[in-house]
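Okay, run-v1.txt now, which holds compact mmCIF, C-alpha atoms:
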```txt
# COMPACT_ATOMS: atom_id res chain seq x y z
CA ASN A 1 60.37 -79.44 -40.96
CA ALA A 2 58.96 -80.37 -44.34
CA GLY A 3 56.02 -82.68 -44.28
CA VAL A 4 52.27 -83.05 -44.06
CA THR A 5 50.40 -81.14 -41.37
CA GLN A 6 46.86 -82.01 -40.35
CA THR A 7 44.57 -79.82 -38.30
CA PRO A 8 42.88 -80.33 -35.94
CA LYS A 9 44.43 -83.32 -34.16
CA PHE A 10 41.30 -84.13 -32.16
CA ARG A 11 37.65 -83.18 -32.50
CA VAL A 12 34.33 -84.21 -31.01
CA LEU A 13 31.23 -83.45 -33.06
CA LYS A 14 27.56 -83.89 -32.41
CA THR A 15 25.51 -85.78 -34.98
CA GLY A 16 24.49 -83.42 -37.75
CA GLN A 17 27.26 -80.89 -37.22
CA SER A 18 29.68 -80.01 -39.96
CA MET A 19 33.42 -79.56 -39.96
CA THR A 20 36.45 -79.29 -42.22
CA LEU A 21 39.75 -81.08 -41.78
CA LEU A 22 42.77 -79.34 -43.27
CA CYS A 23 45.79 -81.03 -44.77
CA ALA A 24 48.78 -78.92 -45.77
CA GLN A 25 52.02 -80.07 -47.41
CA ASP A 26 55.11 -78.05 -48.23
CA MET A 27 56.87 -80.55 -50.51
CA ASN A 28 55.22 -79.37 -53.74
CA HIS A 29 53.61 -82.80 -54.16
CA GLU A 30 51.03 -83.18 -56.86
CA TYR A 31 49.06 -86.06 -55.34
CA MET A 32 47.17 -85.83 -52.08
CA TYR A 33 44.93 -88.35 -50.32
CA TRP A 34 42.48 -88.61 -47.47
CA TYR A 35 42.17 -91.98 -45.67
CA ARG A 36 40.21 -93.21 -42.71
CA GLN A 37 41.48 -95.85 -40.31
CA ASP A 38 39.07 -98.02 -38.34
CA PRO A 39 39.80 -100.89 -35.94
CA GLY A 40 40.32 -104.21 -37.68
CA MET A 41 40.47 -102.63 -41.12
CA GLY A 42 43.22 -101.30 -43.31
CA LEU A 43 43.32 -97.65 -44.25
CA ARG A 44 40.60 -96.87 -46.74
CA LEU A 45 40.74 -94.12 -49.32
CA ILE A 46 38.03 -91.50 -49.06
CA HIS A 47 38.99 -89.02 -51.79
CA TYR A 48 42.16 -88.08 -53.58
CA SER A 49 43.55 -85.37 -55.82
CA VAL A 50 46.12 -85.53 -58.60
CA GLY A 51 46.57 -81.78 -58.82
CA GLU A 52 45.26 -78.35 -57.97
CA GLY A 53 41.59 -78.02 -58.84
CA THR A 54 41.03 -81.77 -59.32
CA THR A 55 39.52 -84.32 -56.97
CA ALA A 56 38.24 -87.88 -57.31
CA LYS A 57 36.35 -90.42 -55.24
CA GLY A 58 38.06 -93.26 -53.46
CA GLU A 59 36.63 -96.40 -51.86
CA VAL A 60 34.43 -94.76 -49.21
CA PRO A 61 33.46 -91.25 -50.38
CA ASP A 62 29.87 -91.08 -49.13
CA GLY A 63 29.25 -88.35 -46.56
CA TYR A 64 32.47 -86.49 -47.40
CA ASN A 65 33.44 -83.70 -49.77
CA VAL A 66 36.88 -82.38 -50.65
CA SER A 67 38.47 -79.39 -52.28
CA ARG A 68 41.95 -78.65 -53.62
CA LEU A 69 41.93 -74.95 -54.41
CA LYS A 70 45.66 -74.62 -53.77
CA LYS A 71 48.32 -77.21 -54.56
CA GLN A 72 49.55 -77.34 -50.98
CA ASN A 73 46.16 -77.79 -49.31
CA PHE A 74 43.58 -80.58 -49.40
CA LEU A 75 40.42 -80.06 -47.38
CA LEU A 76 38.06 -82.80 -46.21
CA GLY A 77 34.54 -81.74 -45.28
CA LEU A 78 31.80 -83.48 -43.36
CA GLU A 79 28.52 -81.69 -44.08
CA SER A 80 26.36 -83.59 -41.59
CA ALA A 81 28.42 -85.78 -39.30
CA ALA A 82 27.20 -89.27 -38.38
CA PRO A 83 28.47 -91.65 -35.67
CA SER A 84 29.70 -93.97 -38.47
CA GLN A 85 32.23 -91.28 -39.33
CA THR A 86 33.96 -91.69 -35.99
CA SER A 87 37.46 -92.63 -37.09
CA VAL A 88 41.06 -91.57 -37.36
CA TYR A 89 41.67 -89.61 -40.55
CA PHE A 90 45.03 -89.49 -42.27
CA CYS A 91 46.19 -87.27 -45.06
CA ALA A 92 49.07 -88.24 -47.33
CA SER A 93 50.92 -86.76 -50.27
CA ARG A 94 53.21 -87.98 -53.04
CA LYS A 95 55.10 -86.63 -55.99
CA ALA A 96 53.49 -87.51 -59.32
CA GLY A 97 55.02 -90.07 -61.66
CA GLN A 98 56.07 -93.71 -61.92
CA GLY A 99 59.33 -93.24 -60.05
CA ASP A 100 60.20 -94.65 -56.66
CA TYR A 101 58.44 -91.88 -54.83
CA GLY A 102 57.40 -92.45 -51.26
CA TYR A 103 54.26 -91.30 -49.54
CA THR A 104 54.36 -88.82 -46.67
CA PHE A 105 51.62 -89.10 -44.08
CA GLY A 106 50.26 -86.62 -41.60
CA SER A 107 49.96 -87.41 -37.90
CA GLY A 108 46.22 -88.02 -38.08
CA THR A 109 43.00 -86.46 -36.82
CA ARG A 110 40.95 -88.38 -34.28
CA LEU A 111 37.28 -87.57 -34.83
CA THR A 112 34.47 -88.69 -32.56
CA VAL A 113 30.84 -88.14 -33.55
CA VAL A 114 28.38 -88.48 -30.68
CA LYS B 115 39.19 -111.88 -49.48
CA ASN B 116 41.20 -108.71 -49.09
CA GLU B 117 43.60 -107.77 -51.85
CA VAL B 118 46.37 -107.41 -49.25
CA GLU B 119 46.65 -109.94 -46.44
CA GLN B 120 49.08 -109.66 -43.54
CA SER B 121 50.09 -112.29 -41.02
CA PRO B 122 50.16 -112.54 -38.15
CA GLN B 123 47.62 -109.96 -36.98
CA ASN B 124 49.28 -109.82 -33.57
CA LEU B 125 52.80 -110.76 -32.56
CA THR B 126 54.45 -110.72 -29.15
CA ALA B 127 58.19 -111.24 -28.88
CA GLN B 128 60.95 -111.05 -26.30
CA GLU B 129 63.66 -108.47 -26.71
CA GLY B 130 66.40 -109.77 -28.97
CA GLU B 131 64.23 -112.13 -30.99
CA PHE B 132 64.18 -112.23 -34.79
CA ILE B 133 60.78 -111.17 -36.10
CA THR B 134 59.07 -111.83 -39.41
CA ILE B 135 55.86 -110.22 -40.66
CA ASN B 136 54.35 -111.45 -43.90
CA CYS B 137 52.31 -109.77 -46.62
CA SER B 138 50.55 -111.46 -49.53
CA TYR B 139 48.70 -109.66 -52.28
CA SER B 140 46.46 -110.77 -55.09
CA VAL B 141 46.78 -107.98 -57.64
CA GLY B 142 49.47 -106.81 -60.01
CA ILE B 143 51.61 -104.15 -58.42
CA SER B 144 54.33 -101.70 -59.31
CA ALA B 145 55.57 -101.24 -55.74
CA LEU B 146 55.03 -102.48 -52.20
CA HIS B 147 55.41 -100.31 -49.12
CA TRP B 148 56.06 -101.17 -45.51
CA LEU B 149 54.88 -98.57 -43.03
CA GLN B 150 55.16 -98.19 -39.25
CA GLN B 151 52.60 -96.69 -36.91
CA HIS B 152 53.33 -96.09 -33.23
CA PRO B 153 50.46 -95.91 -30.73
CA GLY B 154 48.61 -92.65 -31.12
CA GLY B 155 51.09 -91.58 -33.72
CA GLY B 156 51.37 -90.94 -37.37
CA ILE B 157 52.42 -93.29 -40.12
CA VAL B 158 56.03 -93.46 -41.24
CA SER B 159 57.31 -95.05 -44.42
CA LEU B 160 59.96 -97.74 -43.81
CA PHE B 161 60.53 -99.28 -47.23
CA MET B 162 59.40 -99.13 -50.81
CA LEU B 163 60.13 -102.25 -52.87
CA SER B 164 59.60 -103.27 -56.43
CA SER B 165 62.00 -106.22 -56.41
CA GLY B 166 64.61 -107.98 -54.32
CA LYS B 167 65.61 -106.86 -50.88
CA LYS B 168 66.30 -103.68 -48.91
CA LYS B 169 67.94 -103.15 -45.52
CA HIS B 170 67.86 -100.22 -43.09
CA GLY B 171 69.65 -100.89 -39.83
CA ARG B 172 67.95 -103.84 -38.15
CA LEU B 173 65.08 -103.90 -40.63
CA ILE B 174 65.09 -106.00 -43.79
CA ALA B 175 62.33 -106.15 -46.39
CA THR B 176 62.10 -108.68 -49.19
CA ILE B 177 59.67 -109.18 -52.04
CA ASN B 178 58.97 -112.08 -54.39
CA ILE B 179 57.01 -110.70 -57.33
CA GLN B 180 56.24 -114.12 -58.81
CA GLU B 181 54.76 -115.40 -55.56
CA LYS B 182 53.11 -112.04 -54.73
CA HIS B 183 54.64 -112.08 -51.28
CA SER B 184 56.74 -109.78 -49.13
CA SER B 185 58.30 -110.13 -45.69
CA LEU B 186 59.51 -107.60 -43.16
CA HIS B 187 62.20 -108.86 -40.80
CA ILE B 188 63.44 -107.21 -37.62
CA THR B 189 66.71 -108.50 -36.21
CA ALA B 190 67.61 -108.15 -32.52
CA SER B 191 64.17 -106.74 -31.70
CA HIS B 192 63.82 -104.03 -29.08
CA PRO B 193 60.82 -102.71 -27.11
CA ARG B 194 60.97 -99.49 -29.16
CA ASP B 195 60.09 -101.61 -32.22
CA SER B 196 56.62 -102.11 -30.71
CA ALA B 197 54.22 -100.65 -33.25
CA VAL B 198 51.75 -101.56 -35.96
CA TYR B 199 53.44 -102.54 -39.22
CA ILE B 200 51.40 -102.01 -42.35
CA CYS B 201 51.87 -103.42 -45.82
CA ALA B 202 50.50 -101.41 -48.76
CA VAL B 203 50.66 -101.99 -52.51
CA LYS B 204 50.54 -99.61 -55.45
CA GLY B 205 48.89 -100.73 -58.66
CA GLY B 206 50.75 -101.62 -61.80
CA LYS B 207 49.72 -98.61 -63.82
CA GLU B 208 50.16 -94.89 -63.26
CA THR B 209 46.45 -94.34 -63.12
CA SER B 210 44.07 -93.29 -60.42
CA GLY B 211 46.65 -91.16 -58.71
CA SER B 212 49.01 -93.95 -57.62
CA ARG B 213 46.57 -95.14 -55.02
CA LEU B 214 47.64 -97.54 -52.28
CA THR B 215 45.74 -100.59 -51.04
CA PHE B 216 46.50 -101.39 -47.42
CA GLY B 217 46.66 -104.51 -45.33
CA GLU B 218 45.06 -104.49 -41.89
CA GLY B 219 48.37 -104.20 -40.12
CA THR B 220 50.34 -106.37 -37.69
CA GLN B 221 50.48 -105.27 -34.05
CA LEU B 222 53.97 -106.05 -32.74
CA THR B 223 54.77 -105.98 -29.05
CA VAL B 224 58.34 -106.54 -27.94
CA ASN B 225 58.72 -107.20 -24.22
CA PRO B 226 61.94 -106.40 -22.35
```

Encoded form using structure tokens:
Amino acid sequence: NAGVTQTPKFRVLKTGQSMTLLCAQDMNHEYMYWYRQDPGMGLRLIHYSVGEGTTAKGEVPDGYNVSRLKKQNFLLGLESAAPSQTSVYFCASRKAGQGDYGYTFGSGTRLTVV
Amino acid sequence: KNEVEQSPQNLTAQEGEFITINCSYSVGISALHWLQQHPGGGIVSLFMLSSGKKKHGRLIATINIQEKHSSLHITASHPRDSAVYICAVKGGKETSGSRLTFGEGTQLTVNP
């Protein structure tokens, strides 16, 4: 089925370890986003991309890096994980433009940093 | 104060009841989204509104642009409606990649 696929679904990291979360979409969407969801808070934007080869910072970018080498993939990297990065991470994508385009979300990655 | 405020934060209802969840925002928007998130699950888009009212089955969403307010209604609620309902707004200009600003969500529990 078409949609947004996130891998992995669960991960436990030790403080200081690194990892990469992968987001893949097969809808040819231009825009892609990485959010984190924490208890008592709305989803917060980490980084986003408006097209292949472009990325930009969101609200909470510190401690994360991203890359969009291919249009269908958006990678989120944690170079040196910290307990404060324990969260559920969601990827989303959207077609570019002012039209009534919806957002498609992945199923989330639950990350625990110990 | 958050740009997007939802009320109530938690809502418990009996099966069959009519449910209303409210969303107020303080910024200019081009669209408002209602999303649903089941426990441990992903996020699904329910509605996208820029004016007026939309209906899908037992769900109705309305928006009042002048008052910067939207409501999500569920008629004849059912236990399977139990989920977190999230309001999100998209800014008024096609800049910054059509970013969304999210409310904290409303946890709805419908008891049989």

Select, as an MDAnalysis selection string, those residues of chain B with any atom no more than 9 Å from chain A (distances computed using only C-alpha atoms). chainID B and resid 144:145 147 154:159 161:164 200 207:208 210:219

For CA of Ile188 (chain B) and CA of Gly166 (chain B), determine how far apart the two atoms are, in Å to one decimal place. 16.8 Å

Which residues, written as a ChimeraX atom specification, have at least one atom at most 8 Å from region 132-135 of chain B, with all atoms listed in the file counted and residues fewer than 4 positions away on the same chain left out? /B:120-122,127,185-191,220

From CA of Ser93 (chain A) to CA of Ser80 (chain A) the spacing works out at 26.2 Å

So which residues touch Ala197 (chain B) within 9 Å, counting all atoms listed in the file, skipping near sequence neighbours fewer than 3 positions away, as a PyMOL selection string? chain B and resi 150-153+194+220-224

Residue list as an mmCIF file with C-alpha atoms, keeping the file's coordinate frame for point (47.9, -81.7, -44.7), cut-off 8 Å, only C-alpha atoms:
```
data_model
loop_
_atom_site.group_PDB
_atom_site.id
_atom_site.type_symbol
_atom_site.label_atom_id
_atom_site.label_comp_id
_atom_site.auth_asym_id
_atom_site.auth_seq_id
_atom_site.Cartn_x
_atom_site.Cartn_y
_atom_site.Cartn_z
ATOM 1 C CA VAL A 4 52.270 -83.050 -44.060
ATOM 2 C CA THR A 5 50.400 -81.140 -41.370
ATOM 3 C CA GLN A 6 46.860 -82.010 -40.350
ATOM 4 C CA THR A 7 44.570 -79.820 -38.300
ATOM 5 C CA LEU A 22 42.770 -79.340 -43.270
ATOM 6 C CA CYS A 23 45.790 -81.030 -44.770
ATOM 7 C CA ALA A 24 48.780 -78.920 -45.770
ATOM 8 C CA GLN A 25 52.020 -80.070 -47.410
ATOM 9 C CA GLN A 72 49.550 -77.340 -50.980
ATOM 10 C CA ASN A 73 46.160 -77.790 -49.310
ATOM 11 C CA PHE A 74 43.580 -80.580 -49.400
ATOM 12 C CA CYS A 91 46.190 -87.270 -45.060
ATOM 13 C CA ALA A 92 49.070 -88.240 -47.330
ATOM 14 C CA GLY A 106 50.260 -86.620 -41.600
#
```

Kindly give the distance, in Å, that separates CA of Val12 (chain A) and CA of Glu79 (chain A), rounded to a single decimal.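 If I compute the distance from CA of Val12 (chain A) to CA of Glu79 (chain A), I get 14.5 Å.
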
Please list as a ChimeraX atom specification every residue within 6 Å of Ile177 (chain B), counting all atoms listed in the file and excluding residues in the same chain fewer than 3 positions away. /B:165-166,183-184
